[in-house]
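> My structure file upload23.cif, mmCIF, C-alpha atoms, is below:
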```cif
data_my_file
loop_
_atom_site.label_atom_id
_atom_site.label_comp_id
_atom_site.auth_asym_id
_atom_site.auth_seq_id
_atom_site.Cartn_x
_atom_site.Cartn_y
_atom_site.Cartn_z
CA MET A 1 13.91 45.72 -25.90
CA SER A 2 10.60 43.85 -26.17
CA SER A 3 12.37 41.14 -28.18
CA SER A 4 15.00 40.71 -25.42
CA PHE A 5 12.23 40.55 -22.86
CA SER A 6 10.47 37.83 -24.86
CA ILE A 7 13.62 35.75 -25.04
CA VAL A 8 14.19 36.06 -21.29
CA ALA A 9 10.55 35.23 -20.57
CA ALA A 10 10.67 32.22 -22.84
CA THR A 11 13.86 30.99 -21.15
CA ILE A 12 12.26 31.33 -17.71
CA LEU A 13 9.16 29.49 -18.93
CA VAL A 14 11.23 26.59 -20.28
CA THR A 15 13.19 26.43 -17.02
CA ILE A 16 9.99 26.32 -14.99
CA CYS A 17 8.58 23.56 -17.20
CA VAL A 18 11.72 21.45 -16.81
CA LEU A 19 11.97 21.98 -13.07
CA GLY A 20 8.25 21.50 -12.53
CA ASN A 21 8.21 18.19 -14.35
CA SER A 22 10.62 16.11 -12.30
CA ASN A 23 10.35 13.13 -14.64
CA ALA A 24 11.19 15.20 -17.73
CA GLN A 25 14.65 13.67 -17.98
CA LEU A 26 13.69 10.07 -17.25
CA SER A 27 13.36 7.83 -20.27
CA SER A 28 12.86 4.13 -20.97
CA THR A 29 15.73 4.36 -23.48
CA PHE A 30 18.17 6.19 -21.20
CA TYR A 31 20.85 3.45 -21.32
CA THR A 32 20.36 2.39 -24.94
CA THR A 33 23.80 3.58 -26.01
CA THR A 34 25.70 3.68 -22.70
CA CYS A 35 24.65 0.26 -21.31
CA PRO A 36 22.44 -1.54 -23.84
CA ASN A 37 22.45 -4.86 -21.95
CA VAL A 38 21.43 -3.36 -18.59
CA THR A 39 18.10 -5.22 -18.37
CA SER A 40 19.54 -8.61 -19.29
CA VAL A 41 22.39 -8.18 -16.79
CA VAL A 42 19.94 -7.34 -14.00
CA ARG A 43 17.67 -10.20 -15.02
CA GLY A 44 20.53 -12.69 -14.89
CA VAL A 45 21.35 -11.74 -11.30
CA VAL A 46 17.80 -11.56 -9.94
CA GLU A 47 16.61 -14.78 -11.55
CA LYS A 48 19.50 -16.60 -9.91
CA ALA A 49 18.73 -14.84 -6.61
CA GLN A 50 15.10 -15.91 -6.79
CA GLN A 51 16.13 -19.57 -7.03
CA ASN A 52 17.65 -19.14 -3.56
CA ASP A 53 15.02 -16.77 -2.14
CA ILE A 54 11.46 -16.84 -3.48
CA ARG A 55 10.77 -13.63 -1.55
CA ILE A 56 13.44 -11.52 -3.27
CA GLY A 57 10.88 -9.82 -5.52
CA ALA A 58 8.79 -8.67 -2.58
CA LYS A 59 11.94 -7.59 -0.72
CA LEU A 60 13.36 -5.45 -3.54
CA ILE A 61 10.08 -3.78 -4.48
CA ARG A 62 9.72 -2.83 -0.81
CA VAL A 63 13.21 -1.28 -0.78
CA HIS A 64 12.32 0.66 -3.96
CA PHE A 65 9.05 1.84 -2.35
CA HIS A 66 10.72 2.93 0.89
CA ASP A 67 13.49 4.67 -1.06
CA CYS A 68 11.07 6.73 -3.15
CA PHE A 69 9.06 7.97 -0.16
CA VAL A 70 12.13 9.59 1.44
CA ASN A 71 13.67 12.42 -0.60
CA GLY A 72 12.45 10.75 -3.79
CA CYS A 73 13.86 7.76 -5.72
CA ASP A 74 17.53 8.55 -5.14
CA GLY A 75 19.01 5.34 -3.74
CA SER A 76 19.53 6.99 -0.34
CA ILE A 77 18.08 3.96 1.49
CA MET A 78 21.08 1.85 0.47
CA LEU A 79 23.75 4.02 2.09
CA ASP A 80 25.44 2.58 5.18
CA ASN A 81 26.49 4.69 8.16
CA ALA A 82 29.56 6.84 7.40
CA ASP A 83 30.97 10.28 8.18
CA GLY A 84 28.06 12.69 7.80
CA ILE A 85 25.63 9.91 6.88
CA GLU A 86 23.07 8.42 9.25
CA SER A 87 21.82 5.37 7.40
CA GLU A 88 18.11 5.17 6.65
CA LYS A 89 18.41 1.39 7.12
CA ASP A 90 18.56 1.94 10.90
CA ALA A 91 15.24 3.78 11.01
CA VAL A 92 12.31 1.73 12.35
CA PRO A 93 10.42 1.43 9.01
CA ASN A 94 13.53 0.06 7.32
CA GLN A 95 14.98 -2.25 9.97
CA SER A 96 13.24 -5.24 8.37
CA THR A 97 14.07 -4.32 4.76
CA ASP A 98 16.24 -6.86 3.00
CA GLY A 99 17.77 -7.80 -0.33
CA TYR A 100 20.67 -5.35 -0.31
CA ASP A 101 23.17 -8.13 -1.01
CA VAL A 102 21.37 -8.83 -4.30
CA VAL A 103 21.55 -5.14 -5.19
CA ASP A 104 25.30 -5.31 -4.55
CA ASP A 105 25.54 -8.34 -6.85
CA ILE A 106 23.65 -6.49 -9.58
CA LYS A 107 25.89 -3.45 -9.17
CA THR A 108 29.05 -5.57 -9.42
CA ALA A 109 27.76 -7.24 -12.59
CA LEU A 110 26.88 -3.89 -14.17
CA GLU A 111 30.19 -2.29 -13.21
CA ASN A 112 31.91 -5.13 -15.06
CA VAL A 113 30.14 -4.35 -18.35
CA CYS A 114 29.48 -0.61 -18.17
CA PRO A 115 31.37 0.97 -15.26
CA GLY A 116 30.07 4.19 -13.76
CA VAL A 117 26.90 4.26 -15.85
CA VAL A 118 23.88 2.70 -14.12
CA SER A 119 22.69 4.20 -10.83
CA CYS A 120 21.70 2.23 -7.76
CA ALA A 121 18.34 4.02 -7.80
CA ASP A 122 17.69 2.70 -11.32
CA ILE A 123 18.78 -0.81 -10.29
CA LEU A 124 15.87 -0.92 -7.82
CA ALA A 125 13.40 0.19 -10.49
CA ILE A 126 14.63 -2.34 -13.06
CA ALA A 127 14.85 -5.24 -10.61
CA SER A 128 11.33 -4.55 -9.30
CA GLN A 129 9.83 -4.74 -12.79
CA ILE A 130 11.70 -7.92 -13.75
CA LEU A 131 10.74 -9.74 -10.55
CA VAL A 132 7.07 -8.70 -10.62
CA SER A 133 6.86 -10.00 -14.18
CA ALA A 134 8.77 -13.19 -13.31
CA ASN A 135 6.17 -13.98 -10.65
CA GLY A 136 3.23 -13.68 -13.04
CA GLY A 137 2.68 -9.93 -12.82
CA PRO A 138 2.69 -7.24 -15.49
CA THR A 139 5.53 -5.67 -17.38
CA TRP A 140 5.88 -1.93 -17.93
CA GLU A 141 8.33 0.48 -19.52
CA VAL A 142 10.63 1.39 -16.65
CA GLN A 143 11.68 5.03 -16.83
CA LEU A 144 15.41 5.45 -16.25
CA GLY A 145 18.03 8.12 -15.74
CA ARG A 146 17.91 8.61 -11.97
CA ARG A 147 21.14 9.46 -10.22
CA ASP A 148 22.22 8.53 -6.70
CA SER A 149 22.13 10.82 -3.70
CA ARG A 150 25.26 11.73 -1.78
CA THR A 151 23.40 11.81 1.51
CA ALA A 152 20.72 10.00 3.50
CA ASN A 153 17.75 11.30 5.50
CA ARG A 154 17.02 9.05 8.47
CA ALA A 155 14.64 11.58 10.03
CA GLY A 156 12.68 11.68 6.77
CA THR A 157 11.72 8.01 7.07
CA THR A 158 8.61 9.11 8.98
CA ALA A 159 7.18 9.74 5.49
CA ILE A 160 7.09 5.97 4.85
CA PRO A 161 3.56 4.54 5.31
CA SER A 162 3.25 2.43 8.46
CA PRO A 163 1.15 -0.74 8.92
CA PHE A 164 -0.30 0.81 12.08
CA GLU A 165 -1.84 3.84 10.35
CA ASN A 166 -5.41 4.36 9.24
CA LEU A 167 -6.62 5.04 5.70
CA GLU A 168 -6.68 8.81 6.17
CA GLN A 169 -3.05 8.86 7.36
CA ILE A 170 -1.86 6.56 4.57
CA THR A 171 -3.75 8.53 1.92
CA LYS A 172 -2.06 11.74 3.10
CA LYS A 173 1.40 10.17 2.88
CA PHE A 174 0.71 9.13 -0.71
CA SER A 175 -0.75 12.54 -1.53
CA ASP A 176 2.33 14.24 -0.06
CA VAL A 177 4.48 12.61 -2.76
CA GLY A 178 1.98 13.25 -5.56
CA LEU A 179 0.27 9.85 -5.61
CA ASP A 180 -3.52 9.45 -5.64
CA SER A 181 -6.00 6.84 -4.40
CA THR A 182 -5.59 4.66 -7.49
CA ASP A 183 -1.82 4.62 -6.90
CA LEU A 184 -2.42 3.76 -3.23
CA VAL A 185 -4.65 0.78 -4.00
CA ALA A 186 -2.58 -0.43 -6.96
CA LEU A 187 0.75 -0.25 -5.14
CA SER A 188 -0.77 -1.91 -2.05
CA GLY A 189 -1.46 -4.76 -4.46
CA ALA A 190 2.25 -5.58 -4.27
CA HIS A 191 1.18 -7.36 -1.08
CA THR A 192 -0.03 -10.12 -3.38
CA PHE A 193 3.34 -11.71 -2.64
CA GLY A 194 5.77 -11.62 0.27
CA ARG A 195 5.41 -11.93 4.03
CA ALA A 196 4.88 -9.73 7.06
CA ARG A 197 6.08 -10.15 10.63
CA CYS A 198 3.58 -10.79 13.43
CA VAL A 199 4.60 -7.54 15.09
CA THR A 200 3.07 -5.60 12.17
CA PHE A 201 -0.46 -6.98 12.62
CA VAL A 202 -0.74 -8.74 16.00
CA HIS A 203 -2.51 -5.65 17.41
CA ARG A 204 -5.44 -6.58 15.16
CA LEU A 205 -5.76 -10.06 16.66
CA TYR A 206 -6.19 -9.47 20.40
CA ASN A 207 -6.49 -5.84 21.41
CA PHE A 208 -7.40 -3.61 18.48
CA SER A 209 -7.30 0.11 19.32
CA GLY A 210 -7.35 -0.68 23.04
CA THR A 211 -10.73 -2.46 22.89
CA GLY A 212 -9.47 -5.77 24.29
CA LYS A 213 -11.09 -7.35 21.24
CA PRO A 214 -9.87 -8.22 17.73
CA ASP A 215 -10.29 -5.95 14.73
CA PRO A 216 -13.95 -6.46 13.69
CA THR A 217 -12.96 -6.29 10.01
CA ILE A 218 -11.09 -9.65 10.18
CA ASP A 219 -12.95 -12.76 9.01
CA ALA A 220 -13.48 -15.07 12.02
CA THR A 221 -11.85 -18.14 10.44
CA TYR A 222 -8.90 -16.08 9.21
CA LEU A 223 -8.55 -14.60 12.70
CA GLU A 224 -8.12 -18.06 14.21
CA THR A 225 -5.55 -18.98 11.56
CA LEU A 226 -3.55 -15.84 12.32
CA ARG A 227 -3.78 -16.41 16.07
CA GLN A 228 -2.19 -19.84 15.60
CA ILE A 229 0.69 -18.23 13.69
CA CYS A 230 0.99 -15.32 16.10
CA PRO A 231 0.00 -16.23 19.68
CA ASN A 232 -0.52 -13.33 22.06
CA GLY A 233 2.89 -12.43 23.50
CA GLY A 234 4.63 -14.71 21.01
CA ASN A 235 7.57 -14.13 18.68
CA GLY A 236 6.95 -10.86 16.82
CA GLY A 237 9.38 -11.88 14.10
CA THR A 238 7.37 -14.88 12.92
CA LEU A 239 6.31 -14.49 9.28
CA ALA A 240 2.82 -14.77 7.78
CA ASP A 241 1.80 -14.68 4.12
CA LEU A 242 0.47 -11.32 2.96
CA ASP A 243 -1.72 -13.24 0.49
CA GLN A 244 -2.64 -16.61 1.95
CA SER A 245 -4.36 -17.81 -1.24
CA THR A 246 -1.42 -17.53 -3.70
CA ARG A 247 1.50 -16.58 -1.50
CA ASP A 248 4.23 -16.24 -4.16
CA GLU A 249 2.21 -15.30 -7.26
CA PHE A 250 1.66 -11.77 -8.44
CA ASP A 251 -2.08 -11.71 -9.13
CA ASN A 252 -5.25 -9.88 -8.11
CA ASN A 253 -6.22 -12.34 -5.36
CA TYR A 254 -5.03 -9.74 -2.84
CA PHE A 255 -8.13 -7.69 -3.66
CA THR A 256 -10.48 -10.67 -3.40
CA ASN A 257 -8.95 -11.28 0.03
CA LEU A 258 -9.88 -7.75 1.06
CA GLN A 259 -13.46 -8.30 -0.08
CA ASN A 260 -13.52 -11.43 2.11
CA LYS A 261 -12.08 -9.58 5.15
CA ARG A 262 -8.78 -11.43 4.77
CA GLY A 263 -6.35 -8.54 4.44
CA LEU A 264 -3.34 -9.15 6.67
CA LEU A 265 -2.28 -5.62 7.59
CA GLN A 266 -4.58 -2.95 8.96
CA THR A 267 -3.55 -0.75 6.02
CA ASP A 268 -4.56 -3.52 3.60
CA GLN A 269 -8.03 -4.17 5.00
CA GLU A 270 -8.88 -0.49 5.47
CA LEU A 271 -8.72 -0.02 1.69
CA PHE A 272 -11.99 -1.99 1.55
CA SER A 273 -13.50 -1.79 5.03
CA THR A 274 -13.25 1.98 5.49
CA SER A 275 -15.73 3.98 3.44
CA GLY A 276 -14.09 6.10 0.76
CA ASP A 277 -13.01 6.11 -2.86
CA THR A 278 -10.64 3.16 -2.37
CA VAL A 279 -13.51 0.65 -2.03
CA ALA A 280 -14.60 0.97 -5.66
CA ILE A 281 -10.97 0.66 -6.81
CA VAL A 282 -10.52 -2.55 -4.78
CA ASN A 283 -13.69 -3.96 -6.38
CA ARG A 284 -12.48 -2.98 -9.84
CA PHE A 285 -9.12 -4.71 -9.40
CA ALA A 286 -10.73 -7.79 -7.80
CA ASN A 287 -12.94 -8.12 -10.88
CA SER A 288 -10.18 -7.64 -13.44
CA GLN A 289 -6.62 -8.92 -13.38
CA SER A 290 -5.81 -6.86 -16.50
CA ASP A 291 -7.19 -3.67 -14.95
CA PHE A 292 -5.00 -4.23 -11.90
CA SER A 293 -1.97 -5.07 -14.03
CA ASP A 294 -2.30 -1.94 -16.16
CA SER A 295 -2.84 0.29 -13.15
CA PHE A 296 0.00 -1.29 -11.19
CA GLY A 297 2.48 -0.67 -14.01
CA GLN A 298 1.40 2.95 -14.33
CA SER A 299 1.52 3.48 -10.57
CA MET A 300 5.05 2.03 -10.44
CA ILE A 301 6.04 4.57 -13.08
CA ASN A 302 4.33 7.32 -11.07
CA MET A 303 6.14 6.28 -7.90
CA GLY A 304 9.44 6.02 -9.75
CA ASN A 305 8.98 9.64 -10.83
CA ILE A 306 9.03 11.00 -7.27
CA ARG A 307 11.73 13.67 -7.18
CA PRO A 308 14.53 11.83 -9.00
CA LEU A 309 18.00 13.34 -9.20
CA THR A 310 18.86 13.82 -12.87
CA GLY A 311 21.36 15.59 -15.09
CA SER A 312 24.39 16.60 -13.05
CA ASP A 313 22.70 16.25 -9.63
CA GLY A 314 23.94 13.49 -7.36
CA GLU A 315 26.31 10.85 -8.73
CA ILE A 316 26.53 7.30 -10.07
CA ARG A 317 27.75 5.28 -7.10
CA SER A 318 30.26 2.54 -7.84
CA ASP A 319 29.19 0.85 -4.57
CA CYS A 320 25.55 1.24 -3.58
CA LYS A 321 26.42 1.21 0.13
CA ARG A 322 28.65 4.30 0.08
CA VAL A 323 29.17 7.54 -1.77
CA ASN A 324 32.06 7.72 -4.21
#
```
Go through the file and emit its structure as structure tokens.


Amino acid sequence: MSSSFSIVAATILVTICVLGNSNAQLSSTFYTTTCPNVTSVVRGVVEKAQQNDIRIGAKLIRVHFHDCFVNGCDGSIMLDNADGIESEKDAVPNQSTDGYDVVDDIKTALENVCPGVVSCADILAIASQILVSANGGPTWEVQLGRRDSRTANRAGTTAIPSPFENLEQITKKFSDVGLDSTDLVALSGAHTFGRARCVTFVHRLYNFSGTGKPDPTIDATYLETLRQICPNGGNGGTLADLDQSTRDEFDNNYFTNLQNKRGLLQTDQELFSTSGDTVAIVNRFANSQSDFSDSFGQSMINMGNIRPLTGSDGEIRSDCKRVN
């Protein structure tokens, strides 16, 4: 009797361990036998895409980020509207996301060499790593084995951090998905490349928090530069560089910009200008490219581990835009 009880207890304990550790089934070698050329296939597509669009790295890492914050890294963001599916793409935080055509090209290339094997969720993770590295950033061992969701969660997109939120609100959204302050600062460092629309920061330039004055944490010279790009009442879709010093390079200049009050988004600058544990992390990354690189790679792994579907959950979509 006691022996039977021990076996049952041990089984329950193992089950709890597996369920409690959502990344238990992810592995950097997941496709070694089923699709050994997966990385080179993805690289071939994204390197060609980058020749036509220097911003594709920033675009795809943003899609990966927004995907992971809603129901975990399950590829749900890529689903188009269909019966029973309200696309997450139509939600406000995702209306400016882009790069889905490149994901489709990657999926087509992979289906040609190993059909029904590589998930759309994993494509985002692999492409993000390749493009960060291609733009001068770090490399890391991408954990793989995610499966694709069969549904979307448009309402859940409120979990995506917004450029209009303060540090406390952003920190809570990261904490809600198991990410800490180091992850917050490191992942914000992806704003070392890419662009943002005027509409996401123009409130800082003319009437910050209803004061009728600009955000006091913006450097005066930088403020004038931004006002020329984004005149009051102008086109909200005009683009500005997230990192004006090295706009297309993945480096730690983003953090030096924050020290100099030259963060573009409110959520960027607050990492340094609002007192809290993020200030020391910004200083650390500004002082060391290698420290930032190491932390960024680990934080990408941490983010990629948010509630993935594994095993027999979900599916491997043959078309990233629709369920099988």

> Using only C-alpha atoms, which protein or nucleic acid residues come within 12 Å of Leu205 (chain A)? Drop anything in the same chain fewer than 5 positions from it, and give the result as a ChimeraX atom specification.

/A:198-200,210-233,264-266

> Just say which residues the PyMOL selection byres ((chain A and resi 256) around 9) picks in this file, as a PyMOL selection string.

chain A and resi 252-255+257-262+282-283+285-287

> Using all atoms listed in the file for the distances, tell me which of A:Ile170, A:Val279, A:Ala159, A:Leu131 is nearest to Asn71 (chain A).

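Going through A:Ile170, A:Val279, A:Ala159, A:Leu131 one by one, the smallest distance to Asn71 (chain A) is for A:Ala159.
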
> Please list, as JSON, numbers by chain, the residues that have an atom at most 10 Å away from (16.1, 10.7, -6.5) in the coordinates of this file, counting only C-alpha atoms.

{"A": [22, 67, 68, 69, 70, 71, 72, 73, 74, 75, 76, 121, 122, 145, 146, 147, 148, 149, 304, 305, 306, 307, 308, 309, 310, 313, 314]}

> Since I can't run it myself right now, could you work out what the PyMOL selection byres ((chain A and resi 174) around 10) selects here and report it as a PyMOL selection string?

chain A and resi 69+159-161+169-173+175-181+183-184+303

> Kindly export the residues of the current selection with C-alpha atoms, as a compact mmCIF listing (two decimals), keeping the file's coordinate frame.


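As written to disk, selection_3.txt reads:
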```txt
# COMPACT_ATOMS: atom_id res chain seq x y z
CA PHE A 69 9.06 7.97 -0.16
CA ALA A 159 7.18 9.74 5.49
CA ILE A 160 7.09 5.97 4.85
CA PRO A 161 3.56 4.54 5.31
CA GLN A 169 -3.05 8.86 7.36
CA ILE A 170 -1.86 6.56 4.57
CA THR A 171 -3.75 8.53 1.92
CA LYS A 172 -2.06 11.74 3.10
CA LYS A 173 1.40 10.17 2.88
CA SER A 175 -0.75 12.54 -1.53
CA ASP A 176 2.33 14.24 -0.06
CA VAL A 177 4.48 12.61 -2.76
CA GLY A 178 1.98 13.25 -5.56
CA LEU A 179 0.27 9.85 -5.61
CA ASP A 180 -3.52 9.45 -5.64
CA SER A 181 -6.00 6.84 -4.40
CA ASP A 183 -1.82 4.62 -6.90
CA LEU A 184 -2.42 3.76 -3.23
CA MET A 303 6.14 6.28 -7.90
```

> Using all atoms listed in the file, which residues sit within 8 Å of Val185 (chain A) once same-chain residues fewer than 2 positions away are excluded, as a list in words?

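My reading of the contact set: Ser181, Thr182, Asp183, Leu187, Ser188, Gly189, Leu271, Thr278, Ile281 and Val282 of chain A.
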
> Based on the selection just made, write C-alpha atoms of those residues as a compact mmCIF listing (two decimals), in the frame of the given file.


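This is the output file result_27.txt:
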```
# COMPACT_ATOMS: atom_id res chain seq x y z
CA SER A 181 -6.00 6.84 -4.40
CA THR A 182 -5.59 4.66 -7.49
CA ASP A 183 -1.82 4.62 -6.90
CA LEU A 187 0.75 -0.25 -5.14
CA SER A 188 -0.77 -1.91 -2.05
CA GLY A 189 -1.46 -4.76 -4.46
CA LEU A 271 -8.72 -0.02 1.69
CA THR A 278 -10.64 3.16 -2.37
CA ILE A 281 -10.97 0.66 -6.81
CA VAL A 282 -10.52 -2.55 -4.78
```
